[in-house]
file start-v8.cif (mmCIF, C-alpha atoms)
data_work
loop_
_atom_site.label_atom_id
_atom_site.label_comp_id
_atom_site.auth_asym_id
_atom_site.auth_seq_id
_atom_site.Cartn_x
_atom_site.Cartn_y
_atom_site.Cartn_z
CA MET A 1 126.09 103.31 109.64
CA GLN A 2 126.09 99.55 109.52
CA ARG A 3 124.10 98.17 106.59
CA MET A 4 121.30 95.85 107.56
CA LEU A 5 118.59 93.83 105.88
CA LYS A 6 116.40 91.49 107.84
CA GLU A 7 113.29 89.72 106.66
CA ILE A 8 110.85 88.62 109.31
CA ARG A 9 107.63 86.66 109.18
CA ILE A 10 105.13 86.55 112.03
CA ALA A 11 102.30 84.06 111.86
CA GLY A 12 99.58 82.62 114.03
CA PHE A 13 95.83 82.36 114.09
CA GLY A 14 93.32 85.16 113.66
CA GLY A 15 92.78 87.34 116.72
CA GLN A 16 96.25 86.82 118.20
CA GLY A 17 97.41 90.25 117.10
CA VAL A 18 99.93 89.10 114.51
CA ILE A 19 99.61 92.27 112.45
CA LEU A 20 100.06 94.64 115.38
CA ALA A 21 103.18 92.73 116.42
CA ALA A 22 104.60 93.13 112.92
CA ALA A 23 103.76 96.83 112.85
CA VAL A 24 105.49 97.45 116.19
CA ILE A 25 108.69 95.83 114.92
CA GLY A 26 108.63 97.82 111.69
CA LYS A 27 108.00 101.05 113.49
CA ALA A 28 110.84 100.50 115.95
CA GLU A 29 113.36 100.35 113.13
CA ALA A 30 112.02 103.23 111.09
CA ILE A 31 111.21 105.69 113.82
CA PHE A 32 114.20 105.30 116.07
CA HIS A 33 116.99 103.98 113.93
CA GLY A 34 116.53 106.21 110.90
CA GLY A 35 116.10 103.03 108.92
CA TYR A 36 113.33 101.77 106.70
CA ALA A 37 110.68 99.19 107.27
CA CYS A 38 107.83 97.80 105.27
CA MET A 39 105.06 95.47 106.34
CA THR A 40 103.04 93.42 103.92
CA GLN A 41 100.18 91.10 104.41
CA SER A 42 98.80 89.10 101.53
CA PHE A 43 95.34 87.66 101.85
CA GLY A 44 95.20 85.12 99.05
CA PRO A 45 93.18 81.92 99.17
CA GLU A 46 95.82 80.60 101.58
CA ALA A 47 94.65 83.10 104.19
CA ARG A 48 91.36 81.26 104.59
CA GLY A 49 90.78 79.19 107.67
CA GLY A 50 91.63 81.60 110.42
CA SER A 51 95.38 81.82 109.98
CA SER A 52 97.13 85.15 109.92
CA SER A 53 100.57 86.09 108.69
CA ALA A 54 102.47 89.33 108.25
CA GLN A 55 105.90 90.08 106.84
CA VAL A 56 108.24 92.83 107.88
CA ILE A 57 111.43 93.96 106.21
CA LEU A 58 113.87 96.06 108.19
CA SER A 59 116.54 97.79 106.17
CA SER A 60 119.12 100.52 106.34
CA ASP A 61 118.12 101.42 102.76
CA PRO A 62 114.76 102.14 101.12
CA ILE A 63 112.88 98.96 100.30
CA LEU A 64 111.99 98.39 96.65
CA TYR A 65 110.67 94.86 96.75
CA PRO A 66 108.51 94.33 99.81
CA TYR A 67 107.75 90.62 99.63
CA VAL A 68 109.39 88.14 101.98
CA THR A 69 109.97 84.65 100.61
CA HIS A 70 112.63 83.20 102.91
CA PRO A 71 112.71 84.99 106.24
CA ASP A 72 115.77 85.37 108.45
CA ILE A 73 113.48 85.25 111.47
CA LEU A 74 110.19 83.40 111.82
CA VAL A 75 107.86 84.01 114.77
CA VAL A 76 105.03 81.48 115.06
CA MET A 77 102.12 81.37 117.46
CA SER A 78 100.23 78.35 116.14
CA GLN A 79 101.01 74.81 115.04
CA GLU A 80 99.54 75.45 111.61
CA ALA A 81 101.77 78.48 111.11
CA TYR A 82 104.79 76.46 112.19
CA THR A 83 104.01 73.61 109.79
CA ARG A 84 103.43 75.95 106.90
CA PHE A 85 106.23 78.45 107.28
CA SER A 86 109.14 76.72 109.03
CA PRO A 87 110.40 75.03 105.82
CA GLN A 88 110.89 78.53 104.32
CA LEU A 89 113.21 79.77 107.05
CA LYS A 90 116.70 80.69 105.82
CA PRO A 91 119.61 78.43 106.84
CA GLY A 92 121.16 80.00 109.91
CA GLY A 93 117.85 81.67 110.72
CA ILE A 94 116.03 82.13 114.00
CA LEU A 95 112.74 80.49 114.91
CA VAL A 96 110.75 82.04 117.77
CA ILE A 97 107.81 80.00 119.03
CA GLU A 98 104.93 80.26 121.48
CA GLN A 99 106.09 77.09 123.20
CA GLU A 100 102.73 75.98 124.57
CA LEU A 101 101.00 76.37 121.21
CA VAL A 102 103.72 75.00 118.95
CA ARG A 103 105.25 71.57 119.16
CA ILE A 104 108.35 71.10 117.05
CA ASP A 105 108.01 67.74 115.40
CA LYS A 106 110.89 67.70 112.99
CA MET A 107 113.66 70.01 114.01
CA PRO A 108 114.76 72.18 111.10
CA SER A 109 118.54 71.94 110.73
CA ASN A 110 120.88 74.87 111.18
CA VAL A 111 118.28 77.01 112.91
CA ARG A 112 118.24 78.49 116.40
CA VAL A 113 114.94 78.02 118.23
CA TYR A 114 113.73 80.08 121.17
CA GLY A 115 110.49 79.33 122.98
CA VAL A 116 108.32 81.40 125.31
CA PRO A 117 104.99 80.63 127.01
CA ALA A 118 103.60 83.97 125.85
CA THR A 119 99.92 83.16 126.36
CA ARG A 120 100.54 82.09 129.96
CA LEU A 121 102.70 85.15 130.68
CA ALA A 122 99.96 87.37 129.21
CA GLU A 123 97.38 85.69 131.40
CA GLU A 124 99.58 86.31 134.44
CA ILE A 125 99.30 90.03 133.89
CA GLY A 126 95.56 89.67 133.49
CA LYS A 127 94.91 89.90 129.75
CA LYS A 128 95.44 87.08 127.29
CA VAL A 129 95.06 89.54 124.39
CA VAL A 130 98.51 91.01 124.99
CA LEU A 131 100.27 87.75 124.14
CA ASN A 132 101.40 89.34 120.88
CA ILE A 133 103.24 92.08 122.77
CA VAL A 134 104.81 89.51 125.12
CA MET A 135 106.08 87.84 121.94
CA VAL A 136 107.46 91.16 120.69
CA GLY A 137 109.37 91.68 123.95
CA PHE A 138 110.75 88.16 123.84
CA PHE A 139 111.64 88.59 120.15
CA GLY A 140 113.56 91.75 121.03
CA ALA A 141 115.60 90.03 123.74
CA VAL A 142 116.54 86.89 121.82
CA THR A 143 117.18 88.35 118.36
CA ASN A 144 118.88 91.54 119.54
CA ILE A 145 118.50 93.17 116.12
CA LEU A 146 116.62 96.21 117.42
CA ASP A 147 117.32 98.68 120.18
CA PRO A 148 115.10 97.61 123.14
CA ASP A 149 114.12 101.20 123.92
CA SER A 150 113.00 101.78 120.33
CA LEU A 151 110.94 98.64 120.42
CA ARG A 152 109.36 99.63 123.72
CA LYS A 153 108.50 103.10 122.41
CA ALA A 154 107.00 101.56 119.28
CA VAL A 155 104.70 99.48 121.50
CA ALA A 156 103.47 102.59 123.33
CA ASP A 157 102.99 104.38 120.02
CA SER A 158 100.91 101.60 118.48
CA VAL A 159 98.15 101.10 121.03
CA PRO A 160 95.43 103.43 122.32
CA PRO A 161 96.46 105.54 125.35
CA ALA A 162 94.20 103.58 127.71
CA MET A 163 96.00 100.35 126.77
CA GLN A 164 99.58 101.60 127.01
CA ALA A 165 100.36 100.58 130.60
CA LEU A 166 99.09 97.05 130.05
CA ASN A 167 101.00 96.62 126.80
CA LEU A 168 104.25 97.98 128.20
CA LYS A 169 103.92 95.54 131.09
CA ALA A 170 103.47 92.74 128.54
CA PHE A 171 106.51 93.91 126.60
CA ASP A 172 108.67 94.06 129.74
CA LYS A 173 107.55 90.60 130.79
CA GLY A 174 108.42 89.06 127.43
CA PHE A 175 111.71 90.93 127.27
CA ALA A 176 112.75 89.86 130.79
CA TYR A 177 111.90 86.26 130.00
CA GLY A 178 114.01 86.38 126.86
CA SER A 179 116.94 88.12 128.59
CA GLU A 180 117.01 85.51 131.34
CA LEU A 181 116.95 82.75 128.76
CA MET A 182 119.87 84.27 126.86
CA GLU A 183 121.80 84.74 130.09
CA ARG A 184 121.28 81.11 131.01
CA LEU A 185 122.33 79.90 127.57
CA LYS A 186 125.47 82.03 127.73
CA GLU A 187 126.38 80.53 131.10
CA ASN A 188 125.90 77.09 129.64
CA GLY A 189 128.25 78.08 126.86
CA ASP A 190 125.86 77.07 124.11
CA HIS A 191 124.78 80.51 123.07
CA GLU A 192 125.81 80.01 119.47
CA ASP A 193 124.74 76.42 119.29
CA VAL A 194 122.05 75.22 117.01
CA GLY A 195 119.16 73.51 118.70
CA VAL A 196 115.98 73.88 120.64
CA LEU A 197 116.70 76.43 123.29
CA GLU A 198 113.44 76.51 125.13
CA ALA A 199 113.26 77.59 128.71
CA VAL A 200 111.19 74.75 130.10
CA MET B 1 83.44 87.26 87.50
CA GLN B 2 83.59 91.02 87.29
CA ARG B 3 87.15 92.35 87.21
CA MET B 4 87.98 94.72 89.99
CA LEU B 5 90.93 96.74 91.21
CA LYS B 6 90.58 99.16 94.08
CA GLU B 7 93.34 100.96 95.90
CA ILE B 8 92.55 102.18 99.37
CA ARG B 9 94.50 104.18 101.90
CA ILE B 10 93.56 104.42 105.58
CA ALA B 11 95.34 106.97 107.74
CA GLY B 12 95.09 108.51 111.17
CA PHE B 13 97.17 108.83 114.29
CA GLY B 14 98.90 106.04 116.20
CA GLY B 15 96.64 103.97 118.43
CA GLN B 16 93.46 104.48 116.39
CA GLY B 17 93.68 101.00 114.91
CA VAL B 18 94.42 102.03 111.34
CA ILE B 19 96.24 98.80 110.54
CA LEU B 20 93.55 96.51 111.89
CA ALA B 21 90.95 98.40 109.85
CA ALA B 22 93.04 97.87 106.71
CA ALA B 23 93.52 94.18 107.48
CA VAL B 24 89.78 93.64 107.96
CA ILE B 25 89.04 95.16 104.55
CA GLY B 26 91.72 93.07 102.83
CA LYS B 27 90.54 89.90 104.47
CA ALA B 28 86.91 90.48 103.50
CA GLU B 29 87.81 90.50 99.82
CA ALA B 30 90.21 87.59 99.85
CA ILE B 31 88.40 85.22 102.15
CA PHE B 32 84.85 85.62 100.99
CA HIS B 33 85.06 86.84 97.42
CA GLY B 34 87.77 84.54 96.14
CA GLY B 35 89.69 87.67 95.27
CA TYR B 36 93.11 88.91 96.25
CA ALA B 37 94.18 91.56 98.69
CA CYS B 38 97.45 92.94 99.88
CA MET B 39 98.16 95.34 102.69
CA THR B 40 101.34 97.35 102.94
CA GLN B 41 102.58 99.74 105.51
CA SER B 42 105.75 101.68 104.99
CA PHE B 43 107.48 103.17 107.97
CA GLY B 44 109.92 105.61 106.44
CA PRO B 45 111.03 108.85 108.06
CA GLU B 46 107.57 110.20 107.21
CA ALA B 47 106.02 107.79 109.71
CA ARG B 48 107.57 109.67 112.59
CA GLY B 49 105.39 111.86 114.73
CA GLY B 50 102.59 109.54 115.68
CA SER B 51 100.83 109.24 112.34
CA SER B 52 99.83 105.89 110.96
CA SER B 53 98.89 104.86 107.44
CA ALA B 54 98.14 101.57 105.73
CA GLN B 55 97.37 100.74 102.13
CA VAL B 56 95.14 97.97 100.85
CA ILE B 57 94.71 96.74 97.32
CA LEU B 58 91.66 94.65 96.48
CA SER B 59 91.79 92.83 93.19
CA SER B 60 90.15 90.05 91.25
CA ASP B 61 93.67 89.07 90.07
CA PRO B 62 96.91 88.36 91.92
CA ILE B 63 98.69 91.55 92.91
CA LEU B 64 102.21 92.03 91.57
CA TYR B 65 102.92 95.58 92.62
CA PRO B 66 101.63 96.22 96.13
CA TYR B 67 102.27 99.95 96.56
CA VAL B 68 99.44 102.45 96.43
CA THR B 69 100.29 105.89 95.05
CA HIS B 70 96.89 107.36 94.13
CA PRO B 71 94.08 105.67 96.03
CA ASP B 72 90.52 105.31 94.75
CA ILE B 73 89.33 105.56 98.33
CA LEU B 74 90.92 107.48 101.18
CA VAL B 75 89.79 106.99 104.78
CA VAL B 76 91.18 109.58 107.20
CA MET B 77 90.84 109.80 110.96
CA SER B 78 93.05 112.82 111.69
CA GLN B 79 93.57 116.31 110.32
CA GLU B 80 97.21 115.60 109.62
CA ALA B 81 96.33 112.52 107.59
CA TYR B 82 93.76 114.52 105.64
CA THR B 83 96.22 117.32 104.85
CA ARG B 84 98.90 114.92 103.76
CA PHE B 85 96.98 112.36 101.74
CA SER B 86 93.91 114.09 100.27
CA PRO B 87 95.88 115.67 97.37
CA GLN B 88 96.78 112.13 96.22
CA LEU B 89 93.19 110.92 95.89
CA LYS B 90 92.22 109.91 92.34
CA PRO B 91 89.76 112.13 90.47
CA GLY B 92 86.32 110.63 90.96
CA GLY B 93 87.52 109.05 94.18
CA ILE B 94 85.83 108.70 97.55
CA LEU B 95 86.95 110.43 100.74
CA VAL B 96 85.70 108.99 104.04
CA ILE B 97 86.35 111.11 107.12
CA GLU B 98 85.96 110.97 110.89
CA GLN B 99 83.93 114.17 110.81
CA GLU B 100 84.70 115.36 114.31
CA LEU B 101 88.45 114.94 113.85
CA VAL B 102 88.80 116.19 110.29
CA ARG B 103 87.79 119.60 109.04
CA ILE B 104 87.80 119.94 105.27
CA ASP B 105 89.41 123.26 104.51
CA LYS B 106 89.77 123.18 100.77
CA MET B 107 87.32 120.84 99.15
CA PRO B 108 89.06 118.56 96.66
CA SER B 109 87.25 118.75 93.34
CA ASN B 110 85.52 115.80 91.74
CA VAL B 111 85.53 113.75 94.93
CA ARG B 112 82.65 112.38 96.99
CA VAL B 113 83.01 112.95 100.72
CA TYR B 114 81.23 110.99 103.43
CA GLY B 115 81.59 111.85 107.12
CA VAL B 116 80.86 109.88 110.28
CA PRO B 117 81.35 110.75 113.97
CA ALA B 118 83.06 107.40 114.56
CA THR B 119 84.72 108.30 117.87
CA ARG B 120 81.41 109.45 119.35
CA LEU B 121 79.56 106.37 118.07
CA ALA B 122 82.29 104.16 119.56
CA GLU B 123 81.97 105.95 122.89
CA GLU B 124 78.20 105.38 122.80
CA ILE B 125 78.77 101.64 122.83
CA GLY B 126 81.20 102.06 125.68
CA LYS B 127 84.67 101.74 124.12
CA LYS B 128 86.43 104.48 122.21
CA VAL B 129 89.01 101.95 120.95
CA VAL B 130 86.54 100.44 118.49
CA LEU B 131 86.30 103.64 116.46
CA ASN B 132 88.33 101.92 113.73
CA ILE B 133 85.69 99.22 113.36
CA VAL B 134 82.90 101.83 113.33
CA MET B 135 84.84 103.39 110.42
CA VAL B 136 85.04 100.01 108.67
CA GLY B 137 81.26 99.55 108.96
CA PHE B 138 80.63 103.05 107.64
CA PHE B 139 83.16 102.50 104.85
CA GLY B 140 81.31 99.33 103.85
CA ALA B 141 77.95 101.10 103.66
CA VAL B 142 79.03 104.16 101.69
CA THR B 143 81.50 102.59 99.26
CA ASN B 144 79.53 99.40 98.61
CA ILE B 145 82.54 97.68 97.04
CA LEU B 146 82.49 94.72 99.43
CA ASP B 147 79.79 92.31 100.47
CA PRO B 148 78.61 93.49 103.94
CA ASP B 149 78.46 89.94 105.31
CA SER B 150 82.06 89.28 104.22
CA LEU B 151 83.18 92.46 105.87
CA ARG B 152 81.34 91.59 109.08
CA LYS B 153 82.86 88.10 109.14
CA ALA B 154 86.31 89.58 108.58
CA VAL B 155 85.79 91.76 111.67
CA ALA B 156 84.94 88.73 113.80
CA ASP B 157 87.91 86.84 112.39
CA SER B 158 90.41 89.62 113.15
CA VAL B 159 89.85 90.25 116.85
CA PRO B 160 90.29 88.00 119.90
CA PRO B 161 87.19 85.94 120.81
CA ALA B 162 86.55 88.02 123.95
CA MET B 163 86.36 91.19 121.84
CA GLN B 164 84.11 89.89 119.06
CA ALA B 165 80.72 91.00 120.41
CA LEU B 166 81.95 94.54 121.04
CA ASN B 167 83.57 94.84 117.62
CA LEU B 168 80.56 93.46 115.77
CA LYS B 169 78.39 96.00 117.58
CA ALA B 170 80.78 98.73 116.45
CA PHE B 171 80.66 97.44 112.87
CA ASP B 172 76.86 97.35 112.87
CA LYS B 173 76.66 100.86 114.28
CA GLY B 174 78.95 102.29 111.61
CA PHE B 175 77.21 100.36 108.87
CA ALA B 176 73.74 101.50 109.97
CA TYR B 177 74.91 105.10 110.11
CA GLY B 178 76.30 104.86 106.58
CA SER B 179 73.20 103.11 105.21
CA GLU B 180 70.93 105.80 106.62
CA LEU B 181 73.13 108.49 105.15
CA MET B 182 73.03 106.87 101.70
CA GLU B 183 69.25 106.45 101.94
CA ARG B 184 68.85 110.11 102.80
CA LEU B 185 71.11 111.20 99.95
CA LYS B 186 69.16 109.03 97.53
CA GLU B 187 65.88 110.61 98.61
CA ASN B 188 67.40 114.01 98.06
CA GLY B 189 68.35 112.91 94.58
CA ASP B 190 71.98 113.91 94.96
CA HIS B 191 73.45 110.47 95.38
CA GLU B 192 75.84 110.86 92.50
CA ASP B 193 76.65 114.45 93.19
CA VAL B 194 80.07 115.63 94.07
CA GLY B 195 80.32 117.41 97.37
CA VAL B 196 80.50 117.15 101.10
CA LEU B 197 77.87 114.66 102.08
CA GLU B 198 78.18 114.71 105.81
CA ALA B 199 75.33 113.67 108.02
CA VAL B 200 75.35 116.57 110.45
#

call {"tool": "encode", "arguments": {"input": "start-v8.cif", "output": "structure tokens"}}
result
Amino acid sequence: MQRMLKEIRIAGFGGQGVILAAAVIGKAEAIFHGGYACMTQSFGPEARGGSSSAQVILSSDPILYPYVTHPDILVVMSQEAYTRFSPQLKPGGILVIEQELVRIDKMPSNVRVYGVPATRLAEEIGKKVVLNIVMVGFFGAVTNILDPDSLRKAVADSVPPAMQALNLKAFDKGFAYGSELMERLKENGDHEDVGVLEAV
Amino acid sequence: MQRMLKEIRIAGFGGQGVILAAAVIGKAEAIFHGGYACMTQSFGPEARGGSSSAQVILSSDPILYPYVTHPDILVVMSQEAYTRFSPQLKPGGILVIEQELVRIDKMPSNVRVYGVPATRLAEEIGKKVVLNIVMVGFFGAVTNILDPDSLRKAVADSVPPAMQALNLKAFDKGFAYGSELMERLKENGDHEDVGVLEAV
């Protein structure tokens, strides 16, 4: 088995479903890959003011130290979260943004950026509240660190039965958007380039 | 300030909103009490099979070691969760159960047990999915370790704006049910007794 260790931070404002998104990603690794995952959320004084942040570690080995300091992947759904956490991203890391809620002012160097209008896509399927699951689908497509089927099953497993169809639709929509973006970037030959790779 | 350290585990099956319930409790302490809170969720092989468990530590001091091994308070919303986690509860601890989903076979000694029909109460206000927030309200009333207003504000802060009214109603319903139960137990003079204190 290939050894793997990925640290991920997901952040946004309260009510966007940041924690559920983190839990889905952790579950996908642990349940379907035989790996390990740990989610932490610290609510110190910095958590005041309506922002929300969760950390996930995915690993092929048991996790002894669960805190994330410099993530490999940062997913942000608010400008405040972007401002606060983007300086911590590892060199060579991946930044995933809700592109209508986050404006990149100063481009971090040596980072790949992928943007998705998750809120708008969620509204298109009728429920703004599933924007977090649209983000998870998009995350799956652009990072490619998890098996898409595992991720999709983790979505179904993490929401009440009555909400499954809606959330799977949200996942598929985000995933398709991300896949198309990656396809387009590959055609343009800049797949491995560093830069803002938003699908505008 | 009074020093405090409480370890809490919340467990049930997937889709019941275990993680959100844990996050609300952590947030209440950190945001409104100036304290610290940390939530962890480990998804090892034991997470397979649709069960869900989250741990929260509430502390007046920064938290260095975030794992819970023997909780002071255990909240369970499924029989499987009860069977698995109740042996780990600390002596003198508190067990909070969804009384229509959990049947206590072998009463743990030296533990106070409080039961609430959270699923039914959630259905009464029209949405079974808010059973987790009914549990949080009940938890607040029977444990009395958090300021009720902080807990209520943490509920509002953790759900999307369109879902706030419903979730606050669920919180109030669970809290009222717990307050009445505690009042009744006090009248009966067995408030500090050890035993099954379900409101049947």

call {"tool": "atom_distance", "arguments": {"input": "start-v8.cif", "atom1": "atom CA of Asn144 of chain A", "atom2": "atom CA of Lys186 of chain A"}}
result
14.2 Å

call {"tool": "interface_residues", "arguments": {"input": "start-v8.cif", "of": "chain B", "to": "chain A", "cutoff": "6 Å", "atoms": "all atoms listed in the file", "output": "PyMOL selection string"}}
result
chain B and resi 14-15+27+30-31+36-44+48+157-160

call {"tool": "closest_residue", "arguments": {"input": "start-v8.cif", "among": "B:Val136, B:Met4, B:Val111, B:Ala118", "to": "Ser86 of chain B", "atoms": "only C-alpha atoms"}}
result
B:Val111

call {"tool": "resolve_selection", "arguments": {"input": "start-v8.cif", "expression": "the PyMOL selection byres ((chain A and resi 148) around 12)", "output": "PyMOL selection string"}}
result
chain A and resi 24-25+28-29+32-33+136-147+149-155+168+171-172+174-176+178-179

call {"tool": "write_last_selection", "arguments": {"input": "start-v8.cif", "atoms": "C-alpha atoms", "output": "compact mmCIF listing (two decimals), in the frame of the given file"}}
result
# COMPACT_ATOMS: atom_id res chain seq x y z
CA VAL A 24 105.49 97.45 116.19
CA ILE A 25 108.69 95.83 114.92
CA ALA A 28 110.84 100.50 115.95
CA GLU A 29 113.36 100.35 113.13
CA PHE A 32 114.20 105.30 116.07
CA HIS A 33 116.99 103.98 113.93
CA VAL A 136 107.46 91.16 120.69
CA GLY A 137 109.37 91.68 123.95
CA PHE A 138 110.75 88.16 123.84
CA PHE A 139 111.64 88.59 120.15
CA GLY A 140 113.56 91.75 121.03
CA ALA A 141 115.60 90.03 123.74
CA VAL A 142 116.54 86.89 121.82
CA THR A 143 117.18 88.35 118.36
CA ASN A 144 118.88 91.54 119.54
CA ILE A 145 118.50 93.17 116.12
CA LEU A 146 116.62 96.21 117.42
CA ASP A 147 117.32 98.68 120.18
CA ASP A 149 114.12 101.20 123.92
CA SER A 150 113.00 101.78 120.33
CA LEU A 151 110.94 98.64 120.42
CA ARG A 152 109.36 99.63 123.72
CA LYS A 153 108.50 103.10 122.41
CA ALA A 154 107.00 101.56 119.28
CA VAL A 155 104.70 99.48 121.50
CA LEU A 168 104.25 97.98 128.20
CA PHE A 171 106.51 93.91 126.60
CA ASP A 172 108.67 94.06 129.74
CA GLY A 174 108.42 89.06 127.43
CA PHE A 175 111.71 90.93 127.27
CA ALA A 176 112.75 89.86 130.79
CA GLY A 178 114.01 86.38 126.86
CA SER A 179 116.94 88.12 128.59

call {"tool": "resolve_selection", "arguments": {"input": "start-v8.cif", "expression": "the PyMOL selection byres ((chain A and resi 104-106) around 9)", "output": "number ranges by chain"}}
result
A: 79, 82-83, 99, 102-103, 107-108, 196

call {"tool": "write_last_selection", "arguments": {"input": "start-v8.cif", "atoms": "C-alpha atoms", "output": "tab-separated table (two decimals), in the frame of the given file"}}
result
chain	number	residue	atom	x	y	z
A	79	GLN	CA	101.01	74.81	115.04
A	82	TYR	CA	104.79	76.46	112.19
A	83	THR	CA	104.01	73.61	109.79
A	99	GLN	CA	106.09	77.09	123.20
A	102	VAL	CA	103.72	75.00	118.95
A	103	ARG	CA	105.25	71.57	119.16
A	107	MET	CA	113.66	70.01	114.01
A	108	PRO	CA	114.76	72.18	111.10
A	196	VAL	CA	115.98	73.88	120.64

call {"tool": "atom_distance", "arguments": {"input": "start-v8.cif", "atom1": "atom CA of Leu131 of chain A", "atom2": "atom CA of Ile125 of chain B"}}
result
25.6 Å

call {"tool": "resolve_selection", "arguments": {"input": "start-v8.cif", "expression": "the PyMOL selection byres ((chain A and resi 87-94) around 12)", "output": "JSON, numbers by chain"}}
result
{"A": [6, 7, 8, 9, 10, 68, 69, 70, 71, 72, 73, 74, 75, 76, 81, 82, 83, 84, 85, 86, 95, 96, 97, 106, 107, 108, 109, 110, 111, 112, 113, 114, 115, 139, 142, 143, 144, 145, 192, 193, 194, 195, 196, 197]}

call {"tool": "atom_distance", "arguments": {"input": "start-v8.cif", "atom1": "atom CA of Leu101 of chain B", "atom2": "atom CA of Ile133 of chain B"}}
result
16.0 Å
